[in-house]
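Student: This is start-v8.txt, which holds compact mmCIF, C-alpha atoms and all ligand atoms:
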```txt
# COMPACT_ATOMS: atom_id res chain seq x y z
CA MET I 1 120.83 179.73 78.68
CA GLU I 2 117.73 179.40 80.80
CA TYR I 3 118.66 177.17 83.73
CA ARG I 4 116.02 174.71 84.93
CA TYR I 5 116.60 174.88 88.69
CA SER I 6 114.99 172.51 91.17
CA GLY I 7 111.80 173.75 92.83
CA ARG I 8 113.59 173.96 96.19
CA MET I 9 115.90 176.71 94.91
CA ALA I 10 112.92 179.08 94.84
CA ASN I 11 113.07 179.28 98.66
CA LEU I 12 116.84 179.55 98.99
CA ASN I 13 118.85 182.75 99.31
CA GLY I 14 122.41 183.27 100.50
CA THR I 15 122.22 183.64 104.28
CA ALA I 16 122.30 187.15 105.65
CA THR I 17 125.48 186.28 107.55
CA ARG I 18 127.30 185.25 104.39
CA GLU I 19 126.14 188.44 102.63
CA ILE I 20 127.42 190.51 105.55
CA PHE I 21 130.78 188.73 105.43
CA LYS I 22 131.26 190.24 101.99
CA LEU I 23 131.14 193.73 103.54
CA LEU I 24 133.70 192.92 106.14
CA GLY I 25 136.59 193.32 103.77
CA ASP I 26 136.55 197.01 104.82
CA PRO I 27 139.03 197.09 107.75
CA GLU I 28 137.34 200.17 109.23
CA ILE I 29 134.08 198.33 109.85
CA ILE I 30 133.82 196.96 113.36
CA SER I 31 131.97 193.72 113.01
CA PHE I 32 129.62 192.25 115.58
CA ALA I 33 128.00 190.29 112.76
CA GLY I 34 129.79 186.96 112.33
CA GLY I 35 130.34 184.04 114.67
CA ASN I 36 134.08 183.65 114.21
CA PRO I 37 136.23 182.57 117.12
CA ALA I 38 138.79 185.18 118.17
CA ILE I 39 141.82 185.09 115.93
CA GLU I 40 144.07 185.07 119.02
CA CYS I 41 142.36 181.85 120.20
CA LEU I 42 143.24 179.81 117.11
CA PRO I 43 145.97 177.33 118.14
CA THR I 44 148.30 178.02 115.22
CA ALA I 45 151.58 176.82 116.80
CA ARG I 46 150.10 173.55 118.05
CA VAL I 47 148.35 172.76 114.78
CA LYS I 48 151.57 173.56 112.87
CA GLU I 49 153.52 171.19 115.13
CA ILE I 50 150.95 168.40 114.62
CA THR I 51 150.72 168.95 110.88
CA ASN I 52 154.49 168.89 110.48
CA GLU I 53 154.67 165.58 112.32
CA ILE I 54 151.85 164.06 110.28
CA THR I 55 153.27 165.15 106.93
CA SER I 56 156.75 163.88 107.75
CA SER I 57 155.59 160.53 109.21
CA GLN I 58 156.22 157.16 107.52
CA ASP I 59 152.55 156.45 106.81
CA PHE I 60 151.63 159.88 105.44
CA ALA I 61 150.37 158.10 102.30
CA ARG I 62 147.50 156.80 104.46
CA ILE I 63 146.35 160.41 104.86
CA LEU I 64 146.43 160.93 101.09
CA GLN I 65 144.38 157.78 100.44
CA TYR I 66 140.57 157.46 100.71
CA GLY I 67 139.37 156.87 104.26
CA LEU I 68 136.32 155.34 105.97
CA THR I 69 133.09 157.35 105.80
CA ALA I 70 132.43 157.19 109.54
CA GLY I 71 135.95 158.40 110.31
CA PHE I 72 139.28 156.93 111.46
CA PRO I 73 138.49 154.15 113.98
CA GLU I 74 140.98 155.50 116.56
CA PHE I 75 139.41 158.98 116.23
CA ARG I 76 135.90 157.56 116.70
CA GLU I 77 137.09 155.70 119.80
CA LEU I 78 138.55 158.86 121.24
CA LEU I 79 135.34 160.77 120.45
CA ALA I 80 133.27 158.13 122.28
CA GLU I 81 135.31 159.18 125.34
CA TYR I 82 135.19 162.89 124.47
CA VAL I 83 131.36 163.04 124.57
CA LYS I 84 131.55 162.19 128.28
CA THR I 85 132.41 165.89 128.70
CA ALA I 86 128.75 166.52 127.72
CA GLY I 87 127.58 163.91 130.23
CA ILE I 88 127.15 161.20 127.59
CA ASN I 89 128.46 158.01 129.19
CA GLY I 90 128.71 154.58 127.63
CA ALA I 91 129.02 155.72 123.99
CA LYS I 92 130.78 153.18 121.77
CA THR I 93 132.41 153.60 118.37
CA GLU I 94 129.14 152.66 116.66
CA ASN I 95 127.45 155.65 118.33
CA ILE I 96 129.93 158.04 116.74
CA LEU I 97 130.16 159.63 113.32
CA VAL I 98 132.98 162.01 112.42
CA ILE I 99 131.46 164.97 110.58
CA SER I 100 132.85 167.89 108.62
CA GLY I 101 131.66 170.47 111.16
CA GLY I 102 128.38 170.69 113.02
CA GLN I 103 126.70 172.09 109.95
CA GLN I 104 127.16 168.76 108.20
CA GLY I 105 125.74 166.87 111.18
CA ILE I 106 122.56 168.93 110.92
CA ASP I 107 122.43 168.43 107.17
CA LEU I 108 122.87 164.65 107.44
CA ALA I 109 120.21 164.35 110.14
CA LEU I 110 117.72 166.20 107.94
CA LYS I 111 118.74 164.20 104.87
CA THR I 112 118.03 161.06 106.94
CA PHE I 113 114.59 162.12 108.17
CA ILE I 114 112.97 164.87 106.15
CA ASP I 115 110.55 164.55 103.24
CA PRO I 116 109.11 167.71 101.63
CA GLY I 117 106.38 169.16 103.84
CA ASP I 118 107.54 167.50 107.09
CA VAL I 119 107.36 169.78 110.11
CA ILE I 120 110.38 170.68 112.25
CA LEU I 121 109.98 172.55 115.53
CA VAL I 122 112.63 175.16 116.31
CA GLU I 123 113.10 177.63 119.12
CA ASN I 124 112.00 181.22 118.56
CA PRO I 125 114.63 182.44 117.58
CA THR I 126 117.02 179.77 116.28
CA TYR I 127 120.26 179.26 114.31
CA LEU I 128 119.79 180.99 110.98
CA ALA I 129 121.65 178.42 108.89
CA PHE I 130 119.46 175.67 110.34
CA LEU I 131 116.44 177.38 108.77
CA GLN I 132 118.34 177.46 105.46
CA ILE I 133 119.19 173.76 105.60
CA ALA I 134 115.60 172.88 106.53
CA ASN I 135 114.43 174.96 103.58
CA SER I 136 116.71 173.04 101.24
CA TYR I 137 114.93 169.82 102.27
CA GLU I 138 111.56 171.58 101.85
CA ALA I 139 110.67 171.14 105.53
CA VAL I 140 108.21 173.46 107.25
CA CYS I 141 109.70 175.07 110.37
CA LYS I 142 107.40 176.14 113.20
CA GLY I 143 108.67 178.26 116.08
CA VAL I 144 108.28 177.30 119.75
CA ASP I 145 108.18 180.09 122.35
CA SER I 146 111.26 180.60 124.41
CA GLU I 147 111.75 181.53 128.07
CA SER I 148 114.91 182.62 129.91
CA ASP I 149 115.70 178.99 130.89
CA GLY I 150 114.79 177.32 127.60
CA LEU I 151 111.79 176.27 125.54
CA ASP I 152 108.31 177.00 126.85
CA LEU I 153 107.28 173.41 127.59
CA ALA I 154 103.54 174.03 127.34
CA ASP I 155 104.01 175.59 123.91
CA LEU I 156 106.29 172.71 122.89
CA GLU I 157 103.67 170.10 123.81
CA ARG I 158 100.90 172.10 122.15
CA LYS I 159 102.90 172.31 118.92
CA ILE I 160 103.92 168.66 118.99
CA LYS I 161 100.22 167.75 119.23
CA LYS I 162 99.21 170.27 116.59
CA TYR I 163 101.91 169.62 113.94
CA ASP I 164 103.14 166.04 114.58
CA PRO I 165 106.74 167.16 113.86
CA LYS I 166 109.45 164.66 112.96
CA ILE I 167 112.19 166.74 114.53
CA LEU I 168 112.82 169.27 117.28
CA TYR I 169 116.01 171.26 116.65
CA CYS I 170 117.60 173.15 119.55
CA VAL I 171 120.85 174.73 120.75
CA PRO I 172 120.45 174.24 124.53
CA THR I 173 123.78 175.70 125.67
CA PHE I 174 124.76 179.30 124.86
CA SER I 175 122.41 179.40 121.92
CA ASN I 176 123.06 181.13 118.67
CA PRO I 177 121.55 183.75 118.50
CA THR I 178 120.46 184.41 122.11
CA GLY I 179 123.33 183.12 124.29
CA LYS I 180 120.68 181.47 126.51
CA THR I 181 121.07 178.09 128.23
CA TYR I 182 118.34 175.58 129.07
CA SER I 183 118.05 174.51 132.71
CA ALA I 184 118.66 170.86 133.65
CA GLU I 185 114.94 170.48 134.47
CA LYS I 186 113.90 171.66 131.02
CA ARG I 187 116.41 169.36 129.34
CA LYS I 188 115.00 166.39 131.23
CA ALA I 189 111.43 167.39 130.36
CA ILE I 190 112.38 167.80 126.67
CA ALA I 191 114.03 164.34 126.60
CA GLU I 192 110.91 162.79 128.17
CA MET I 193 108.32 164.67 126.11
CA THR I 194 109.99 164.04 122.75
CA ALA I 195 110.44 160.34 123.61
CA LYS I 196 106.76 160.10 124.55
CA TYR I 197 105.61 161.60 121.23
CA GLY I 198 108.26 159.93 119.04
CA VAL I 199 110.01 163.17 118.01
CA ILE I 200 113.70 163.14 117.04
CA VAL I 201 115.77 165.83 118.80
CA ILE I 202 118.78 167.38 117.09
CA GLU I 203 120.78 168.78 119.99
CA ASP I 204 123.29 171.18 118.46
CA ASP I 205 126.20 171.95 120.79
CA PRO I 206 128.99 173.99 119.22
CA TYR I 207 129.35 176.36 122.20
CA GLY I 208 128.96 174.15 125.30
CA LYS I 209 132.66 174.25 126.22
CA LEU I 210 132.82 178.07 126.07
CA ARG I 211 131.50 178.67 129.59
CA PHE I 212 133.02 181.60 131.47
CA LYS I 213 130.46 181.72 134.30
CA GLY I 214 128.00 179.47 136.12
CA GLU I 215 127.60 175.73 136.44
CA TYR I 216 128.03 173.04 133.77
CA ILE I 217 124.73 171.40 132.75
CA PRO I 218 124.68 167.94 131.11
CA SER I 219 123.35 167.57 127.57
CA ILE I 220 119.83 166.45 126.63
CA LYS I 221 121.52 163.44 124.99
CA SER I 222 122.82 162.38 128.40
CA MET I 223 119.17 162.11 129.51
CA ASP I 224 118.03 160.22 126.41
CA LYS I 225 116.56 156.83 127.36
CA ALA I 226 114.64 156.18 124.12
CA GLY I 227 117.42 156.75 121.58
CA ASN I 228 115.66 159.70 119.94
CA VAL I 229 118.36 162.36 120.47
CA ILE I 230 121.08 163.12 117.91
CA PHE I 231 123.87 165.06 119.60
CA VAL I 232 125.92 167.18 117.22
CA SER I 233 129.04 168.97 118.36
CA SER I 234 131.88 170.71 116.63
CA PHE I 235 135.53 171.65 117.05
CA SER I 236 135.04 174.85 115.05
CA LYS I 237 134.70 177.22 117.97
CA ILE I 238 137.24 175.51 120.22
CA ILE I 239 139.99 174.47 117.80
CA SER I 240 139.45 175.79 114.25
CA PRO I 241 136.45 176.40 111.99
CA GLY I 242 138.65 176.07 108.90
CA ASN I 243 139.67 172.54 109.87
CA ARG I 244 136.01 171.38 109.54
CA THR I 245 135.69 168.64 112.14
CA GLY I 246 132.87 167.69 114.44
CA VAL I 247 131.12 164.73 116.02
CA ALA I 248 127.62 163.27 115.91
CA CYS I 249 126.58 160.87 118.67
CA ALA I 250 123.36 158.87 118.38
CA ALA I 251 121.87 155.37 118.39
CA PRO I 252 123.92 153.04 116.13
CA GLU I 253 121.00 152.64 113.70
CA LEU I 254 120.81 156.41 113.19
CA ILE I 255 124.58 156.76 112.86
CA ARG I 256 124.54 154.09 110.17
CA LYS I 257 121.82 155.98 108.23
CA MET I 258 123.68 159.28 108.54
CA GLU I 259 126.86 157.54 107.42
CA ILE I 260 125.08 156.35 104.26
CA CYS I 261 123.92 159.93 103.64
CA LYS I 262 127.48 161.19 104.21
CA GLN I 263 128.76 158.90 101.47
CA GLY I 264 126.82 160.99 98.98
CA THR I 265 127.89 164.28 100.55
CA ASP I 266 131.68 164.06 100.91
CA LEU I 267 132.62 160.35 101.25
CA HIS I 268 134.47 161.22 104.44
CA THR I 269 135.84 164.16 106.41
CA PRO I 270 139.34 164.98 105.07
CA ASN I 271 141.90 162.67 106.68
CA LEU I 272 144.32 165.46 107.50
CA SER I 273 141.61 167.42 109.32
CA GLN I 274 140.60 164.33 111.30
CA MET I 275 144.20 163.59 112.28
CA ILE I 276 144.82 167.18 113.36
CA THR I 277 141.81 167.16 115.69
CA TYR I 278 142.61 163.61 116.89
CA GLU I 279 146.21 164.47 117.79
CA TYR I 280 145.20 167.80 119.33
CA LEU I 281 142.76 166.03 121.66
CA LYS I 282 145.04 163.06 122.35
CA ARG I 283 147.92 165.34 123.35
CA GLY I 284 145.65 167.05 125.86
CA TYR I 285 145.97 170.50 124.31
CA LEU I 286 142.28 171.34 124.53
CA ALA I 287 142.08 171.90 128.30
CA SER I 288 144.78 174.59 128.51
CA ASP I 289 143.76 176.32 125.26
CA LEU I 290 140.13 176.34 126.36
CA GLU I 291 140.98 177.83 129.74
CA ARG I 292 142.72 180.69 127.96
CA ALA I 293 140.00 181.14 125.32
CA VAL I 294 137.22 181.20 127.87
CA LYS I 295 139.03 183.94 129.84
CA ILE I 296 139.33 185.99 126.65
CA TYR I 297 135.65 185.53 125.78
CA GLY I 298 134.60 186.33 129.34
CA LYS I 299 136.51 189.60 129.17
CA LYS I 300 135.12 190.51 125.76
CA LYS I 301 131.59 189.73 126.89
CA ALA I 302 132.10 191.94 129.98
CA ALA I 303 133.44 194.72 127.72
CA MET I 304 130.37 194.47 125.52
CA SER I 305 127.93 194.39 128.45
CA SER I 306 129.49 197.49 129.98
CA ALA I 307 129.58 199.32 126.62
CA ILE I 308 125.88 198.48 126.19
CA ALA I 309 125.13 199.89 129.64
CA LYS I 310 127.10 203.05 128.78
CA TYR I 311 125.96 203.77 125.23
CA MET I 312 122.79 201.93 124.24
CA PRO I 313 119.39 203.58 124.72
CA GLU I 314 117.78 202.71 128.05
CA GLU I 315 114.91 201.02 126.18
CA PHE I 316 117.31 198.36 124.83
CA GLU I 317 116.93 194.98 126.58
CA CYS I 318 119.50 192.22 126.14
CA THR I 319 120.65 188.81 127.35
CA ASP I 320 123.52 188.29 129.79
CA PRO I 321 125.07 184.96 128.69
CA ASP I 322 127.36 182.77 130.81
CA GLY I 323 129.27 181.59 127.74
CA GLY I 324 129.27 181.28 123.97
CA LEU I 325 129.75 184.14 121.55
CA PHE I 326 126.53 186.17 121.36
CA ILE I 327 124.34 188.77 123.05
CA TRP I 328 120.75 189.09 121.85
CA GLY I 329 118.97 192.40 122.10
CA LYS I 330 115.55 193.92 121.69
CA PHE I 331 114.52 197.50 120.87
CA PRO I 332 111.02 198.91 121.32
CA LYS I 333 108.52 198.14 118.56
CA GLY I 334 108.86 200.62 115.73
CA ILE I 335 112.67 200.38 115.61
CA ASP I 336 113.50 198.52 112.44
CA ALA I 337 116.95 196.90 112.74
CA VAL I 338 116.55 195.38 109.27
CA LYS I 339 116.20 198.76 107.57
CA LEU I 340 118.87 200.34 109.77
CA LEU I 341 121.63 197.85 108.99
CA PRO I 342 122.90 199.73 105.88
CA GLU I 343 123.01 202.94 107.97
CA ALA I 344 125.03 201.11 110.65
CA VAL I 345 127.45 199.84 108.01
CA LYS I 346 127.77 203.42 106.72
CA ARG I 347 128.77 204.34 110.28
CA LYS I 348 131.34 201.51 110.14
CA VAL I 349 129.73 199.01 112.47
CA ALA I 350 127.87 195.78 111.66
CA TYR I 351 125.37 193.63 113.55
CA ILE I 352 122.89 191.02 112.38
CA GLN I 353 119.23 191.83 112.20
CA GLY I 354 117.41 189.46 114.55
CA SER I 355 114.51 188.77 112.20
CA VAL I 356 116.55 186.27 110.15
CA PHE I 357 116.66 183.92 113.14
CA PHE I 358 112.91 183.41 113.30
CA ALA I 359 111.01 180.65 111.50
CA GLU I 360 108.11 183.12 111.25
CA PRO I 361 109.83 186.53 111.04
CA GLU I 362 106.83 188.92 110.87
CA GLY I 363 107.02 191.56 113.60
CA THR I 364 110.58 190.72 114.72
CA GLU I 365 112.46 193.58 113.08
CA ASN I 366 113.25 195.14 116.48
CA TYR I 367 115.79 192.42 117.43
CA ILE I 368 119.56 192.29 116.86
CA ARG I 369 122.34 189.78 117.49
CA LEU I 370 125.75 191.01 118.61
CA ASN I 371 128.89 188.87 118.47
CA TYR I 372 131.63 189.74 120.96
CA SER I 373 134.35 187.22 120.10
CA TYR I 374 135.85 188.74 116.99
CA ALA I 375 136.42 192.43 117.77
CA ASN I 376 138.96 193.49 120.41
CA GLU I 377 137.89 195.28 123.62
CA GLU I 378 138.67 198.74 122.28
CA GLN I 379 136.73 198.06 119.07
CA ILE I 380 133.82 196.74 121.16
CA ASP I 381 133.65 200.05 123.02
CA VAL I 382 133.88 202.18 119.85
CA GLY I 383 131.48 199.96 117.88
CA ILE I 384 128.78 199.85 120.57
CA LYS I 385 129.03 203.66 120.91
CA ARG I 386 128.41 203.98 117.15
CA LEU I 387 125.39 201.68 117.44
CA GLY I 388 124.13 203.42 120.57
CA ASP I 389 124.28 206.84 118.88
CA MET I 390 122.38 205.55 115.86
CA PHE I 391 119.65 203.79 117.82
CA LYS I 392 119.25 206.72 120.26
CA GLU I 393 118.57 208.99 117.28
CA GLN I 394 116.01 206.50 116.00
CA ILE I 395 114.25 206.23 119.35
CA ALA I 396 114.16 210.03 119.64
CA ASN I 397 112.57 210.17 116.15
CA LEU I 398 110.07 207.52 117.14
CA LYS I 399 109.08 209.47 120.27
CA GLY I 400 108.87 212.68 118.23
CA ARG I 401 106.41 211.02 115.87
CA LYS I 402 104.08 209.90 118.68
C1 LIG L 1 124.32 176.83 116.41
C2 LIG L 1 125.33 176.47 115.38
N1 LIG L 1 125.31 175.25 114.84
C3 LIG L 1 126.21 174.87 113.93
C4 LIG L 1 127.17 175.75 113.47
C5 LIG L 1 128.09 175.27 112.37
O1 LIG L 1 129.40 175.29 112.71
P1 LIG L 1 130.47 174.29 112.12
O2 LIG L 1 129.90 173.61 110.91
O3 LIG L 1 131.63 175.14 111.78
O4 LIG L 1 130.72 173.32 113.21
C6 LIG L 1 127.24 177.05 113.99
C7 LIG L 1 128.22 178.02 113.49
O5 LIG L 1 128.21 179.18 113.75
C8 LIG L 1 126.28 177.42 114.97
O6 LIG L 1 126.25 178.64 115.49
```
What does this structure look like when you write it as structure tokens?
Tutor:
Amino acid sequence: MEYRYSGRMANLNGTATREIFKLLGDPEIISFAGGNPAIECLPTARVKEITNEITSSQDFARILQYGLTAGFPEFRELLAEYVKTAGINGAKTENILVISGGQQGIDLALKTFIDPGDVILVENPTYLAFLQIANSYEAVCKGVDSESDGLDLADLERKIKKYDPKILYCVPTFSNPTGKTYSAEKRKAIAEMTAKYGVIVIEDDPYGKLRFKGEYIPSIKSMDKAGNVIFVSSFSKIISPGNRTGVACAAPELIRKMEICKQGTDLHTPNLSQMITYEYLKRGYLASDLERAVKIYGKKKAAMSSAIAKYMPEEFECTDPDGGLFIWGKFPKGIDAVKLLPEAVKRKVAYIQGSVFFAEPEGTENYIRLNYSYANEEQIDVGIKRLGDMFKEQIANLKGRK
């Protein structure tokens, strides 16, 4: 059978992360590749307790029935309160859409706005799966330069004028892949500039609560006066990725459009998943679990930073995040982290080549992303030593060739 695929499939490949996941079945491989929360941070006992209560309650049949596309009303009400933790005050139920993870929020926003050929601005580098989703809607992604405290505002304005983009996508707090956070000043400037030029902002915030150092900074959405910012957050990294729940907060008109798009995607987020997250938040479990998780991530990040200082070549430069799950690193030009990945896997350690996070990847093969949440501290030390040995050999070869 010759299958007659849609034209958009020509640009779509499985993401590098998903391909790497297939390798991770080998227990000897130390993985810095994924973005999984630490297994010890998953609240198994509390979710079991909640699930047992839900499944033995009188109105369990309600959970087995179809639900409303926008989500359970009591959950939406609670989420309108919850977004205050990102500085978003005054949200009402009509500003809230329950989503099946942040990934779906991104997908629904693009489904709402993007026609083939529309331009989306993204940070250089950005979340790999965002590029995939944009590709599936046949958008054209253009990269905006990045500085240590967020987007380069001059480059952003230049590219808004040049490309007339419909959307700016960004991860302003503990970005994937860099771990960087935008300053409050930059957030305010982004809110103002995008409002002035009529650009929609998708503010993706799956990591904002995972701060182990430094000061909290309010979201771009909290500075949105024009109604052009769609805030997307997720419970994947702070409760459970397998439970697939998240929240989108935007102007009621946009929420209504995304809700219509969601009808065609999954009708609604599974009722059991919604009720688990709802009860977990209502019972106040998040604060104590987060406090513990953040301590664990802070320690793992410190273990990775010190292993990098000990074992990586001195030419390696990397970020020093205050939260989130990732360190982003750069080798000198000539080191090809794309080609070296199979060699690393042979040495039983995995990272992600940084080039996959760029809208325009030419010349970016010297970057890598390292995840520190999944491996334990001992594995972090052993794994970074394996990487350090490999890259030191490569740098010595490179110098020998010059
Ligand atoms: C920046 C970013 N956005 C969105 C997601 C999607 O997560 P989920 O759909 O599980 O909320 C991830 C997951 O790693 C991410 O890193």
Student: Using all atoms listed in the file, pick whichever of I:Leu128, I:Val356, I:Ile296, I:Ala337 has the shortest atom-to-atom distance to ligand LIG 1 (chain L).
Tutor: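 Between I:Leu128, I:Val356, I:Ile296, I:Ala337, the residue approaching ligand LIG 1 (chain L) most closely is I:Leu128.
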Student: With all atoms listed in the file as the basis for distance, which of I:Gln103, I:Lys186, I:Ile133, I:Val119 is at the shortest distance from Val199 (chain I)?
Tutor: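 Going through I:Gln103, I:Lys186, I:Ile133, I:Val119 one by one, the smallest distance to Val199 (chain I) is for I:Val119.
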Student: Show me the residues close to (138.0, 159.2, 114.5) - anything with an atom within 9 Å, counting all atoms listed in the file - and format the list as a JSON list (two decimals) with C-alpha atoms, in the frame of the given file.
Tutor:
```json
[["chain", "number", "residue", "atom", "x", "y", "z"],
["I", 70, "ALA", "CA", 132.43, 157.19, 109.54],
["I", 71, "GLY", "CA", 135.95, 158.40, 110.31],
["I", 72, "PHE", "CA", 139.28, 156.93, 111.46],
["I", 73, "PRO", "CA", 138.49, 154.15, 113.98],
["I", 74, "GLU", "CA", 140.98, 155.50, 116.56],
["I", 75, "PHE", "CA", 139.41, 158.98, 116.23],
["I", 76, "ARG", "CA", 135.90, 157.56, 116.70],
["I", 77, "GLU", "CA", 137.09, 155.70, 119.80],
["I", 78, "LEU", "CA", 138.55, 158.86, 121.24],
["I", 79, "LEU", "CA", 135.34, 160.77, 120.45],
["I", 93, "THR", "CA", 132.41, 153.60, 118.37],
["I", 96, "ILE", "CA", 129.93, 158.04, 116.74],
["I", 97, "LEU", "CA", 130.16, 159.63, 113.32],
["I", 98, "VAL", "CA", 132.98, 162.01, 112.42],
["I", 247, "VAL", "CA", 131.12, 164.73, 116.02],
["I", 274, "GLN", "CA", 140.60, 164.33, 111.30],
["I", 275, "MET", "CA", 144.20, 163.59, 112.28],
["I", 277, "THR", "CA", 141.81, 167.16, 115.69],
["I", 278, "TYR", "CA", 142.61, 163.61, 116.89]]
```
Student: Starting from 5 Å padding per side, set up an axis-aligned box that covers all listed atoms of region 161-173 of chain I and hand over centre and edge lengths in Å, one decimal, as AutoDock Vina command-line options.
Tutor:
```
--center_x 111.5 --center_y 170.2 --center_z 119.3 --size_x 34.6 --size_y 21.0 --size_z 22.7
```
Student: Closest to Lys310 (chain I) among I:Val171, I:Ile368, I:Val382, I:Ala248, using only C-alpha atoms?
Tutor: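 Under the stated criterion, the closest residue is I:Val382.
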Student: Go through I:Ile106, I:Met390, I:Ala38, I:Met304 one by one, measure the shortest atom-to-atom distance of each to Ile238 (chain I) using only C-alpha atoms, and give the residue with the smallest value.
Tutor: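 Of I:Ile106, I:Met390, I:Ala38, I:Met304, the one nearest Ile238 (chain I) is I:Ala38, counting only C-alpha atoms.
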Student: Go through the chains and note each residue within 9 Å of ligand LIG 1 (chain L), using all atoms listed in the file, then give the set as a short mmCIF file (atom, residue, chain, number, x, y, z; two decimals) with C-alpha atoms, in the frame of the given file.
Tutor:
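And here is the file that came out, selection-v7.cif:
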```
data_model
loop_
_atom_site.label_atom_id
_atom_site.label_comp_id
_atom_site.auth_asym_id
_atom_site.auth_seq_id
_atom_site.Cartn_x
_atom_site.Cartn_y
_atom_site.Cartn_z
CA GLY I 34 129.79 186.96 112.33
CA GLY I 35 130.34 184.04 114.67
CA ASN I 36 134.08 183.65 114.21
CA ILE I 99 131.46 164.97 110.58
CA SER I 100 132.85 167.89 108.62
CA GLY I 101 131.66 170.47 111.16
CA GLY I 102 128.38 170.69 113.02
CA GLN I 103 126.70 172.09 109.95
CA GLN I 104 127.16 168.76 108.20
CA GLY I 105 125.74 166.87 111.18
CA ILE I 106 122.56 168.93 110.92
CA THR I 126 117.02 179.77 116.28
CA TYR I 127 120.26 179.26 114.31
CA LEU I 128 119.79 180.99 110.98
CA ALA I 129 121.65 178.42 108.89
CA PHE I 130 119.46 175.67 110.34
CA CYS I 170 117.60 173.15 119.55
CA VAL I 171 120.85 174.73 120.75
CA PHE I 174 124.76 179.30 124.86
CA SER I 175 122.41 179.40 121.92
CA ASN I 176 123.06 181.13 118.67
CA PRO I 177 121.55 183.75 118.50
CA ASP I 204 123.29 171.18 118.46
CA ASP I 205 126.20 171.95 120.79
CA PRO I 206 128.99 173.99 119.22
CA TYR I 207 129.35 176.36 122.20
CA VAL I 232 125.92 167.18 117.22
CA SER I 233 129.04 168.97 118.36
CA SER I 234 131.88 170.71 116.63
CA PHE I 235 135.53 171.65 117.05
CA SER I 236 135.04 174.85 115.05
CA LYS I 237 134.70 177.22 117.97
CA SER I 240 139.45 175.79 114.25
CA PRO I 241 136.45 176.40 111.99
CA GLY I 242 138.65 176.07 108.90
CA ASN I 243 139.67 172.54 109.87
CA ARG I 244 136.01 171.38 109.54
CA THR I 245 135.69 168.64 112.14
CA GLY I 246 132.87 167.69 114.44
CA LEU I 325 129.75 184.14 121.55
#
```
Student: Go through I:Ser136, I:Phe113, I:Gly400, I:Lys196 one by one, measure the shortest atom-to-atom distance of each to Met258 (chain I) using only C-alpha atoms, and give the residue with the smallest value.
Tutor: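 Among the listed residues, I:Phe113 lies closest to Met258 (chain I).
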Student: From the list I:Ala154, I:Leu340, I:Leu272, I:Ala309, which residue is nearest Leu64 (chain I) when using only C-alpha atoms?
Tutor: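 Closest to Leu64 (chain I), using only C-alpha atoms: I:Leu272.
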Student: Write out as a ChimeraX atom specification the residues lying within 9 Å of Ala293 (chain I), counting all atoms listed in the file and excluding same-chain residues fewer than 4 positions away.
Tutor: /I:38,40-42,210,238,288-289,297-298
Student: Could you tell me how far CA of Thr269 (chain I) lies from CA of Leu254 (chain I), in Å and to one decimal?
Tutor: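 Taking CA of Thr269 (chain I) as the start and CA of Leu254 (chain I) as the end point, the length is 18.2 Å.
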Student: I want to know what sits within 9 Å of Ile160 (chain I), based on only C-alpha atoms, with residues of the same chain fewer than 5 positions away left out; could you give that as a list in words?
Tutor: Leu121, Asp155, Pro165, Thr194, Tyr197 and Val199 of chain I
Student: Would you mind exporting C-alpha atoms of the selected residues as a PDB file, in the coordinates of the input?
Tutor:
```pdb
ATOM      1  CA  LEU I 121     109.980 172.550 115.530  1.00  0.00           C
ATOM      2  CA  ASP I 155     104.010 175.590 123.910  1.00  0.00           C
ATOM      3  CA  PRO I 165     106.740 167.160 113.860  1.00  0.00           C
ATOM      4  CA  THR I 194     109.990 164.040 122.750  1.00  0.00           C
ATOM      5  CA  TYR I 197     105.610 161.600 121.230  1.00  0.00           C
ATOM      6  CA  VAL I 199     110.010 163.170 118.010  1.00  0.00           C
TER       7      VAL I 199
END
```
Student: Could you name the residues that touch Ala303 (chain I) at 9 Å or less, counting only C-alpha atoms, but leaving out those on the same chain fewer than 2 positions away, as a PyMOL selection string?
Tutor: chain I and resi 298-301+305-308+372+377-378+380-381
Student: Mind giving me the straight-line distance from CA of Ile255 (chain I) to CA of Ala184 (chain I) in Å, one decimal?
Tutor: 25.8 Å
Student: To one decimal in Å, tell me the separation between CA of Ile114 (chain I) and CA of Gly363 (chain I).
Tutor: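 About the pair CA of Ile114 (chain I) and CA of Gly363 (chain I): they are 28.3 Å apart.
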